[in-house]
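*Asks:* What follows is final33.tsv; its format and atoms are TSV, C-alpha atoms.
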chain	number	residue	atom	x	y	z
A	1	MET	CA	132.01	187.91	108.94
A	2	ASN	CA	130.12	187.38	112.22
A	3	VAL	CA	128.65	183.84	112.21
A	4	TYR	CA	125.16	185.12	113.07
A	5	VAL	CA	125.30	187.59	110.20
A	6	SER	CA	126.42	184.83	107.83
A	7	SER	CA	123.45	182.74	108.90
A	8	ALA	CA	121.09	185.68	108.42
A	9	ILE	CA	122.46	186.33	104.93
A	10	ALA	CA	121.87	182.68	104.02
A	11	GLU	CA	118.30	182.95	105.30
A	12	LEU	CA	117.81	186.13	103.27
A	13	LYS	CA	118.94	184.39	100.09
A	14	GLU	CA	116.44	181.59	100.70
A	15	LYS	CA	113.64	184.16	100.91
A	16	LEU	CA	114.81	185.96	97.77
A	17	ASN	CA	115.01	182.66	95.89
A	18	ALA	CA	111.39	182.06	96.87
A	19	TYR	CA	110.38	185.43	95.35
A	20	VAL	CA	112.21	184.61	92.14
A	21	ALA	CA	110.60	181.15	92.04
A	22	LEU	CA	107.17	182.78	92.42
A	23	MET	CA	107.96	185.16	89.56
A	24	ASN	CA	108.99	182.23	87.37
A	25	TYR	CA	105.79	180.37	88.31
A	26	ARG	CA	103.73	183.39	87.30
A	27	TYR	CA	105.59	183.54	83.99
A	28	ILE	CA	104.91	179.85	83.34
A	29	ASN	CA	101.20	180.55	83.79
A	30	LEU	CA	101.39	183.65	81.57
A	31	CYS	CA	101.11	181.18	78.73
A	32	VAL	CA	102.80	181.86	75.43
A	33	LYS	CA	104.33	178.47	74.64
A	34	ALA	CA	103.12	175.14	75.97
A	35	GLU	CA	104.52	174.59	79.48
A	36	LEU	CA	103.82	171.49	81.54
A	37	GLY	CA	104.10	173.64	84.64
A	38	SER	CA	101.06	175.66	83.56
A	39	LEU	CA	98.89	172.67	84.49
A	40	LEU	CA	100.27	172.35	88.03
A	41	PRO	CA	97.48	174.54	89.51
A	42	VAL	CA	94.80	172.35	87.89
A	43	THR	CA	92.72	170.12	90.14
A	44	VAL	CA	90.18	167.62	88.85
A	45	SER	CA	86.94	166.52	90.48
A	46	ALA	CA	86.89	162.73	90.23
A	47	VAL	CA	85.77	159.76	92.35
A	48	GLY	CA	84.24	162.14	94.86
A	49	LYS	CA	87.38	164.17	95.60
A	50	GLU	CA	89.78	166.76	94.18
A	51	LEU	CA	92.83	165.22	92.51
A	52	ASN	CA	95.94	166.71	90.94
A	53	ILE	CA	95.91	166.48	87.17
A	54	GLU	CA	98.93	164.16	87.12
A	55	ASP	CA	96.85	161.64	89.10
A	56	VAL	CA	94.22	161.40	86.37
A	57	ALA	CA	96.08	162.11	83.12
A	58	GLN	CA	99.31	161.75	81.20
A	59	ILE	CA	100.54	164.95	79.55
A	60	ALA	CA	102.85	165.50	76.60
A	61	THR	CA	104.06	168.46	74.55
A	62	PRO	CA	103.88	167.41	70.87
A	63	ASN	CA	105.30	170.80	69.88
A	64	GLU	CA	106.12	174.20	71.37
A	65	TYR	CA	102.54	175.46	71.29
A	66	GLN	CA	100.41	172.45	72.26
A	67	LEU	CA	99.73	170.30	75.31
A	68	ASP	CA	98.32	166.81	74.76
A	69	VAL	CA	96.34	165.46	77.72
A	70	TYR	CA	95.48	161.74	77.88
A	71	PRO	CA	92.90	160.91	80.58
A	72	LYS	CA	93.79	157.68	82.37
A	73	LEU	CA	90.09	156.78	82.33
A	74	ASN	CA	87.25	158.02	80.14
A	75	ASP	CA	85.37	159.00	83.30
A	76	TYR	CA	88.05	161.60	84.07
A	77	GLN	CA	87.62	163.47	80.79
A	78	GLN	CA	84.93	165.97	81.78
A	79	GLY	CA	86.57	166.75	85.11
A	80	ILE	CA	89.88	167.41	83.35
A	81	ILE	CA	88.21	169.72	80.82
A	82	GLU	CA	86.52	171.69	83.61
A	83	GLY	CA	89.68	171.82	85.74
A	84	ILE	CA	91.86	173.15	82.93
A	85	PHE	CA	89.20	175.65	81.87
A	86	ASP	CA	89.03	177.04	85.43
A	87	VAL	CA	92.77	177.80	85.37
A	88	HIS	CA	93.39	178.51	81.67
A	89	PRO	CA	90.16	179.43	79.84
A	90	GLU	CA	92.29	180.88	77.04
A	91	PHE	CA	93.55	177.45	75.90
A	92	LYS	CA	91.94	176.18	72.68
A	93	LEU	CA	90.60	172.62	73.09
A	94	GLU	CA	90.19	169.84	70.55
A	95	ILE	CA	88.83	166.44	71.64
A	96	LEU	CA	90.47	163.81	69.43
A	97	GLN	CA	90.11	160.07	69.00
A	98	ILE	CA	93.00	157.89	70.11
A	99	GLU	CA	93.98	155.76	67.12
A	100	SER	CA	94.77	152.62	69.12
A	101	SER	CA	92.75	152.63	72.33
A	102	ASP	CA	91.93	150.11	75.03
A	103	ASP	CA	88.71	149.81	77.01
A	104	LYS	CA	89.83	152.44	79.56
A	105	ARG	CA	90.20	155.48	77.30
A	106	ASP	CA	89.47	156.36	73.71
A	107	LYS	CA	89.97	160.13	73.46
A	108	HIS	CA	92.64	162.68	74.24
A	109	LEU	CA	92.50	166.44	74.76
A	110	LEU	CA	94.71	168.62	72.59
A	111	TYR	CA	95.21	172.14	73.93
A	112	THR	CA	96.68	174.86	71.71
A	113	MET	CA	98.07	178.09	73.12
A	114	PRO	CA	96.15	181.19	71.97
A	115	ASP	CA	97.61	183.26	69.15
A	116	VAL	CA	99.63	186.27	70.25
A	117	ASP	CA	97.85	188.96	68.25
A	118	LYS	CA	98.54	192.67	68.82
A	119	GLU	CA	96.12	192.95	71.74
A	120	ARG	CA	97.52	189.87	73.49
A	121	TYR	CA	101.06	190.96	72.65
A	122	ASP	CA	100.56	194.25	74.50
A	123	LEU	CA	98.84	192.53	77.42
A	124	LEU	CA	101.56	189.90	77.83
A	125	ASN	CA	104.34	192.49	77.66
A	126	ASN	CA	102.64	194.61	80.29
A	127	MET	CA	102.06	191.66	82.61
A	128	ALA	CA	105.64	190.42	82.20
A	129	LYS	CA	106.91	193.83	83.25
A	130	VAL	CA	104.51	194.02	86.21
A	131	PHE	CA	105.60	190.60	87.50
A	132	ARG	CA	109.29	191.55	87.22
A	133	ASP	CA	108.79	194.93	88.92
A	134	GLU	CA	106.74	193.41	91.75
A	135	CYS	CA	109.43	190.81	92.36
A	136	ASN	CA	112.15	193.47	92.43
A	137	VAL	CA	110.12	195.50	94.96
A	138	ASP	CA	109.77	192.41	97.17
A	139	ILE	CA	113.52	191.80	96.92
A	140	ASP	CA	114.31	195.39	97.88
A	141	LYS	CA	111.86	195.34	100.80
A	142	GLU	CA	113.23	192.07	102.13
A	143	CYS	CA	116.80	193.38	101.95
A	144	ALA	CA	115.79	196.60	103.72
A	145	LEU	CA	114.04	194.68	106.51
A	146	HIS	CA	117.01	192.39	106.79
A	147	THR	CA	119.43	195.31	107.10
A	148	ALA	CA	117.30	196.92	109.81
A	149	SER	CA	117.13	193.70	111.84
A	150	LEU	CA	120.81	192.79	111.73
A	151	PRO	CA	121.84	194.74	114.86
A	152	GLU	CA	119.10	192.96	116.83
A	153	LEU	CA	120.35	189.57	115.63
A	154	THR	CA	124.02	190.13	116.30
A	155	GLY	CA	124.25	192.62	119.12
A	156	LYS	CA	127.12	195.04	118.75
A	157	LEU	CA	128.65	195.08	115.26
A	158	THR	CA	132.14	196.30	114.50
A	159	PRO	CA	132.64	198.86	111.72
A	160	GLU	CA	134.29	196.10	109.72
A	161	ASP	CA	131.19	193.90	110.12
A	162	ILE	CA	128.93	196.73	108.96
A	163	ASP	CA	131.06	197.44	105.89
A	164	GLU	CA	131.17	193.76	104.99
A	165	ILE	CA	127.41	193.38	105.47
A	166	LYS	CA	126.70	196.37	103.24
A	167	GLU	CA	128.95	194.96	100.55
A	168	VAL	CA	127.32	191.52	100.74
A	169	LEU	CA	123.82	193.02	100.66
A	170	GLU	CA	124.59	195.21	97.65
A	171	HIS	CA	126.01	192.18	95.84
A	172	THR	CA	122.98	190.07	96.82
A	173	ILE	CA	120.48	192.67	95.62
A	174	GLY	CA	122.33	193.00	92.32
A	175	GLU	CA	122.53	189.22	91.93
A	176	PHE	CA	118.79	188.75	92.39
A	177	HIS	CA	117.86	191.72	90.23
A	178	ASP	CA	119.97	190.08	87.52
A	179	LYS	CA	117.95	186.88	87.97
A	180	THR	CA	114.63	188.68	87.59
A	181	GLN	CA	115.92	190.51	84.51
A	182	GLU	CA	117.08	187.25	82.97
A	183	LEU	CA	113.64	185.70	83.48
A	184	TYR	CA	111.99	188.84	82.12
A	185	GLU	CA	114.09	188.93	78.97
A	186	ALA	CA	113.45	185.23	78.34
A	187	LYS	CA	109.70	185.78	78.63
A	188	ILE	CA	109.77	188.86	76.42
A	189	GLY	CA	111.68	186.79	73.86
A	190	GLN	CA	108.95	184.14	73.95
A	191	ILE	CA	106.26	186.78	73.47
A	192	GLU	CA	108.11	188.39	70.57
A	193	GLU	CA	108.66	185.03	68.87
A	194	ALA	CA	104.98	184.09	69.21
A	195	TYR	CA	103.89	187.49	67.88
A	196	MET	CA	106.15	187.14	64.84
A	197	ARG	CA	104.70	183.67	64.30
A	198	TYR	CA	101.19	185.15	64.36
A	199	LEU	CA	102.13	187.85	61.86
A	200	GLU	CA	103.75	185.31	59.55
A	201	LYS	CA	100.64	183.14	59.65
A	202	GLY	CA	98.56	186.19	58.73
A	203	ALA	CA	100.88	187.04	55.87
A	204	GLU	CA	100.65	183.48	54.56
A	205	VAL	CA	96.84	183.66	54.59
A	206	VAL	CA	96.90	186.96	52.68
A	207	GLU	CA	99.39	185.58	50.16
A	208	SER	CA	97.31	182.46	49.66
A	209	SER	CA	94.18	184.56	49.19
A	210	ASN	CA	95.95	186.76	46.63
A	211	GLU	CA	97.10	183.68	44.72
A	212	MET	CA	93.54	182.36	44.61
A	213	ASP	CA	92.21	185.71	43.39
A	214	PHE	CA	94.92	185.82	40.71
A	215	SER	CA	94.05	182.28	39.63
A	216	LYS	CA	90.36	183.18	39.38
A	217	GLY	CA	91.24	186.24	37.34
A	218	MET	CA	93.26	184.12	34.94
A	219	ARG	CA	90.34	181.74	34.44
A	220	PHE	CA	87.92	184.57	33.77
A	221	ASP	CA	90.35	186.06	31.22
A	222	GLN	CA	90.58	182.73	29.47
A	223	MET	CA	86.80	182.43	29.38
A	224	ASP	CA	86.47	185.90	27.86
A	225	SER	CA	88.89	185.00	25.12
Written as structure tokens, how would this file's structure read?
*Replies:*
Amino acid sequence: MNVYVSSAIAELKEKLNAYVALMNYRYINLCVKAELGSLLPVTVSAVGKELNIEDVAQIATPNEYQLDVYPKLNDYQQGIIEGIFDVHPEFKLEILQIESSDDKRDKHLLYTMPDVDKERYDLLNNMAKVFRDECNVDIDKECALHTASLPELTGKLTPEDIDEIKEVLEHTIGEFHDKTQELYEAKIGQIEEAYMRYLEKGAEVVESSNEMDFSKGMRFDQMDS
């Protein structure tokens, strides 16, 4: 293949990788499970300036659905709470005491991902599809623009060059559509798992309530006798 065309194809792939990375970033912030990356957009007002959250806190994931945020100083706590709320108001916050603390910090912030009930389930599925479709449109547009600009970049192309370029572009488009589909299916799987978890929790509550009602009924029967 013409060396200029090869260079242009490499540049195209860099751009398409950027679109896929953006899609993945949007999925990380379409929070279902606890993802450290979901806190990357958070900035915290502290010591008279805006700081990244990693500058003012240590963050852990104690389980799949919670983020544990430890302010490095007590003075950072309120700024962290406000910064996270600005980006993810849907997170459920508990302020907990640190069991063994020093004089710099005595509390940590436990954030739980919101339950995926039916309404949120539908919303998340719709948004996941929108993000995938928008990324695929961007990929197609970039490939179309790239195809149109190739003659300007390379001058006169031979028929063999054109055939090879078309083949490479078709393969590239398919490759990146496969990447977006893979990300989409992984996100849909997360959503489905979280929804099933929500339904199971609801079923457990109902079962527990029924057991309590049955127990009460037994006691009343015994009293009547």
*Asks:* For a test of reading the model, state the distance in Å between atom CA of Ile59 of chain A and atom CA of Lys72 of chain A, rounded to one decimal.
*Replies:*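 According to the coordinates, atom CA of Ile59 of chain A and atom CA of Lys72 of chain A are separated by 10.3 Å.
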*Asks:* Could you tell me which of A:Glu35, A:Asp68, A:Glu193, A:Glu14 comes closest to Val116 of chain A if we count all atoms listed in the file?
*Replies:*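 The closest residue to Val116 of chain A is A:Glu193.
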*Asks:* Using only C-alpha atoms, which residue out of A:Lys166, A:Phe131, A:Asp138, A:Ser45 lies closest to Tyr25 of chain A?
*Replies:*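 Of A:Lys166, A:Phe131, A:Asp138, A:Ser45, the one nearest Tyr25 of chain A is A:Phe131, counting only C-alpha atoms.
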*Asks:* Do you have the atom CA of Leu67 of chain A-atom CA of Tyr111 of chain A distance handy?
*Replies:*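 Here the two named atoms are 5.1 Å from each other.
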*Asks:* Check the smallest atom-to-atom distance from each of A:Leu96, A:Leu30, A:Ala18, A:Leu73 to Ala46 of chain A using only C-alpha atoms, then report the winner.
*Replies:*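 Result for the nearest residue to Ala46 of chain A: A:Leu73.
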*Asks:* Pick from A:Phe91, A:Arg105, A:Glu99, A:Ala60: nearest to Gln77 of chain A, with all atoms listed in the file counted?
*Replies:*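 Smallest distance to Gln77 of chain A is found for A:Arg105.
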*Asks:* Mind giving me the straight-line distance from atom CA of Asp161 of chain A to atom CA of Asp178 of chain A in Å, one decimal?
*Replies:*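 Computing it gives 25.5 Å between the two atoms.
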*Asks:* For each of A:Lys141, A:Leu109, A:Asp122, A:Met127, take the minimum atom-to-atom distance to Glu192 of chain A, counting all atoms listed in the file, then give the residue where this is smallest.
*Replies:* A:Asp122
*Asks:* With all atoms listed in the file as the basis for distance, which of A:Met113, A:Tyr195, A:Arg132, A:Glu167 is at the shortest distance from Asn24 of chain A?
*Replies:*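 Smallest separation from Asn24 of chain A among the options: A:Arg132.
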*Asks:* Identify, on the basis of all atoms listed in the file, every residue whose closest approach to Tyr27 of chain A does not exceed 12 Å; exclude the query and any residue fewer than 5 positions from it along the same chain; express the result as an mmCIF file with C-alpha atoms, in the frame of the given file.
*Replies:*
data_model
loop_
_atom_site.group_PDB
_atom_site.id
_atom_site.type_symbol
_atom_site.label_atom_id
_atom_site.label_comp_id
_atom_site.auth_asym_id
_atom_site.auth_seq_id
_atom_site.Cartn_x
_atom_site.Cartn_y
_atom_site.Cartn_z
ATOM 1 C CA VAL A 20 112.210 184.610 92.140
ATOM 2 C CA ALA A 21 110.600 181.150 92.040
ATOM 3 C CA LEU A 22 107.170 182.780 92.420
ATOM 4 C CA VAL A 32 102.800 181.860 75.430
ATOM 5 C CA LYS A 33 104.330 178.470 74.640
ATOM 6 C CA ALA A 34 103.120 175.140 75.970
ATOM 7 C CA GLU A 35 104.520 174.590 79.480
ATOM 8 C CA GLY A 37 104.100 173.640 84.640
ATOM 9 C CA SER A 38 101.060 175.660 83.560
ATOM 10 C CA LEU A 124 101.560 189.900 77.830
ATOM 11 C CA ASN A 125 104.340 192.490 77.660
ATOM 12 C CA MET A 127 102.060 191.660 82.610
ATOM 13 C CA ALA A 128 105.640 190.420 82.200
ATOM 14 C CA LYS A 129 106.910 193.830 83.250
ATOM 15 C CA VAL A 130 104.510 194.020 86.210
ATOM 16 C CA PHE A 131 105.600 190.600 87.500
ATOM 17 C CA ARG A 132 109.290 191.550 87.220
ATOM 18 C CA CYS A 135 109.430 190.810 92.360
ATOM 19 C CA THR A 180 114.630 188.680 87.590
ATOM 20 C CA LEU A 183 113.640 185.700 83.480
ATOM 21 C CA TYR A 184 111.990 188.840 82.120
ATOM 22 C CA GLU A 185 114.090 188.930 78.970
ATOM 23 C CA ALA A 186 113.450 185.230 78.340
ATOM 24 C CA LYS A 187 109.700 185.780 78.630
ATOM 25 C CA ILE A 188 109.770 188.860 76.420
ATOM 26 C CA GLN A 190 108.950 184.140 73.950
ATOM 27 C CA ILE A 191 106.260 186.780 73.470
#
